[in-house]
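Remarks on the structure that follows.
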Amino acid sequence: MIEQVTEKTLPLAAYVHALSWQASHTALCSPEFIAQHTPERQAEYLRGEMGRGKRLFLLTDGKPVGVVTVWGSLIENLYVLPEKQKMGYGTMLLDFAIRQCENTPTLWVLNTNETARKLYLKNGFLETGTTRALNERIYEIEMVLKG
């Protein structure tokens with residue numbers, strides 16, 4: 001089941017976001033920086049995102065499994081718990097998020113996140129060639145859903 005996050009379900013979404021973010025950034029960030037991304041801190045981050053008008057959704061399958069935000073046609077924060085990856089949950093969240101978009105679905109993915117890039121390519125997204133540098137070796141790649 002996928003439902004829009006409320007203040008009541010925000011702690012569940014923050015738990016998923018924190019654990020998934022930590023796992024996906026382990027090779028990129030220092031252990032100290034990773035440790036800062038607690039469920040409590042991520043709840044504040046996600047609350048801020050919702051305050052800016054982004055819609056946050058939580059996927060549950062008996063228990064919380066994944067999250068995604070949609071803002072206009074921008075898909076962000078798509079995270080699935082590490083132990084639930086490669087089970088179809090990411091595709092389920094992505095399909096849902098695409099249906100929430102106002103126009104052509106767009107997203108940004110880290111150049112180092114091959115798993116996510118493969119998921120997006122498999123589901124009809126194409127790299128536009130536009131990038132945003134985060135530092136000298138890490139950058140984001142813009143992707144759009146092909147028409």
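How things are named: the first chain in the structure tokens is A, the next is B, and so on; residues count from 1 in each chain; ligands count from 1 in the order shown.
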
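Every protein or nucleic acid residue with an atom no more than 10 Å from Pro11 (chain A), counting only C-alpha atoms and leaving out same-chain residues fewer than 5 positions away, appears here: Val5, Thr6, Val16, His17, Pro39, Glu40, Gln42, Ala43, Glu44 and Leu46 of chain A.
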
Quick one: write out the picked residues with C-alpha atoms as a compact mmCIF listing (two decimals), in the first residue's frame?
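File produced: part11.txt:
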```
# COMPACT_ATOMS: atom_id res chain seq x y z
CA VAL A 5 2.69 10.69 4.66
CA THR A 6 1.06 12.58 7.50
CA VAL A 16 13.02 4.15 5.99
CA HIS A 17 14.70 7.26 4.61
CA PRO A 39 15.55 8.86 11.78
CA GLU A 40 14.99 11.96 13.94
CA GLN A 42 15.57 12.74 8.55
CA ALA A 43 12.10 13.43 10.01
CA GLU A 44 13.04 17.10 10.24
CA LEU A 46 11.29 15.37 5.32
```

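Within region 63-107 of chain A, DSSP applied to the backbone places the following residues in strand (DSSP E or B): Pro64, Val65, Gly66, Val67, Val68, Thr69, Val70, Trp71, Leu74, Ile75, Glu76, Asn77, Leu78, Tyr79, Val80, Thr106 and Leu107 of chain A.
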
Sorted per-residue table, region 41-80 of chain A near region 84-104 of chain A, closest atoms and distance, 7 Å, only C-alpha atoms, as CSV:
```
residue,atom,partner,partner_atom,distance
A:Val65,CA,A:Lys84,CA,6.8
A:Val68,CA,A:Leu93,CA,6.8
A:Val70,CA,A:Ala97,CA,6.4
A:Gly72,CA,A:Glu102,CA,5.4
A:Ser73,CA,A:Cys101,CA,4.3
A:Ile75,CA,A:Ala97,CA,6.6
A:Val80,CA,A:Gln85,CA,6.1
```

Write the residues of the selection above to a file with all heavy atoms, as a JSON list (two decimals), in the first residue's frame.
```
[["chain", "number", "residue", "atom", "x", "y", "z"],
["A", 65, "VAL", "N", 8.44, -0.01, 3.94],
["A", 65, "VAL", "CA", 9.41, -0.56, 2.99],
["A", 65, "VAL", "C", 10.15, 0.52, 2.21],
["A", 65, "VAL", "O", 11.35, 0.43, 2.00],
["A", 65, "VAL", "CB", 8.71, -1.52, 2.00],
["A", 65, "VAL", "CG1", 9.65, -2.00, 0.93],
["A", 65, "VAL", "CG2", 8.07, -2.68, 2.72],
["A", 68, "VAL", "N", 9.07, 7.96, -1.29],
["A", 68, "VAL", "CA", 9.35, 8.78, -2.47],
["A", 68, "VAL", "C", 8.65, 10.12, -2.30],
["A", 68, "VAL", "O", 7.60, 10.19, -1.66],
["A", 68, "VAL", "CB", 8.88, 8.08, -3.78],
["A", 68, "VAL", "CG1", 7.37, 7.94, -3.85],
["A", 68, "VAL", "CG2", 9.43, 8.76, -5.02],
["A", 70, "VAL", "N", 7.25, 13.63, -4.52],
["A", 70, "VAL", "CA", 6.91, 14.17, -5.84],
["A", 70, "VAL", "C", 6.60, 15.65, -5.64],
["A", 70, "VAL", "O", 5.85, 16.03, -4.74],
["A", 70, "VAL", "CB", 5.70, 13.45, -6.46],
["A", 70, "VAL", "CG1", 5.34, 14.07, -7.81],
["A", 70, "VAL", "CG2", 5.97, 11.96, -6.61],
["A", 72, "GLY", "N", 5.54, 18.61, -8.27],
["A", 72, "GLY", "CA", 5.24, 18.93, -9.66],
["A", 72, "GLY", "C", 5.50, 17.69, -10.50],
["A", 72, "GLY", "O", 4.77, 16.72, -10.42],
["A", 73, "SER", "N", 6.57, 17.72, -11.28],
["A", 73, "SER", "CA", 6.97, 16.56, -12.08],
["A", 73, "SER", "C", 8.33, 16.03, -11.68],
["A", 73, "SER", "O", 8.93, 15.22, -12.38],
["A", 73, "SER", "CB", 6.96, 16.92, -13.56],
["A", 73, "SER", "OG", 5.64, 17.18, -13.98],
["A", 75, "ILE", "N", 10.62, 13.83, -9.29],
["A", 75, "ILE", "CA", 10.62, 12.68, -8.39],
["A", 75, "ILE", "C", 11.92, 12.71, -7.61],
["A", 75, "ILE", "O", 13.00, 12.79, -8.20],
["A", 75, "ILE", "CB", 10.49, 11.36, -9.18],
["A", 75, "ILE", "CG1", 9.17, 11.34, -9.97],
["A", 75, "ILE", "CG2", 10.61, 10.15, -8.25],
["A", 75, "ILE", "CD1", 9.07, 10.21, -10.98],
["A", 80, "VAL", "N", 14.33, 2.57, -0.78],
["A", 80, "VAL", "CA", 13.77, 1.30, -0.31],
["A", 80, "VAL", "C", 14.77, 0.72, 0.69],
["A", 80, "VAL", "O", 15.98, 0.78, 0.47],
["A", 80, "VAL", "CB", 13.54, 0.33, -1.49],
["A", 80, "VAL", "CG1", 13.11, -1.04, -1.01],
["A", 80, "VAL", "CG2", 12.51, 0.91, -2.46]]
```

List the neighbours of Leu74 (chain A) out to 7 Å using only C-alpha atoms; skip same-chain residues closer than 4 positions along the sequence, and give me the result as a PyMOL selection string. chain A and resi 70+105-107

I need the residues from that last selection saved to file as a tab-separated table (two decimals), in the first residue's frame (with N, CA, C and O atoms), if you can.
```
chain	number	residue	atom	x	y	z
A	70	VAL	N	7.25	13.63	-4.52
A	70	VAL	CA	6.91	14.17	-5.84
A	70	VAL	C	6.60	15.65	-5.64
A	70	VAL	O	5.85	16.03	-4.74
A	105	PRO	N	7.76	13.32	-16.16
A	105	PRO	CA	8.52	12.98	-14.95
A	105	PRO	C	10.02	13.17	-15.15
A	105	PRO	O	10.59	12.77	-16.16
A	106	THR	N	10.63	13.82	-14.17
A	106	THR	CA	12.06	14.12	-14.17
A	106	THR	C	12.64	13.71	-12.83
A	106	THR	O	11.96	13.78	-11.80
A	107	LEU	N	13.90	13.31	-12.84
A	107	LEU	CA	14.59	13.00	-11.59
A	107	LEU	C	16.08	13.21	-11.78
A	107	LEU	O	16.56	13.39	-12.90
```

I'd like the contact shell of Ile138 (chain A) - 12 Å cut-off, only C-alpha atoms, skipping same-chain residues fewer than 4 positions apart - returned as number ranges by chain. A: 25, 27-29, 109-113, 131-134

With DSSP run on the backbone, what are the helix (DSSP H, G or I) residues within region 49-136 of chain A? I'd like them as a ChimeraX atom specification. /A:49-51,82-84,89-100,114-122

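Each of A:Asn77, A:Asn123, A:Thr69, A:Gln4 was checked against Ser24 (chain A) using only C-alpha atoms; the smallest atom-to-atom distance is that of A:Asn77.
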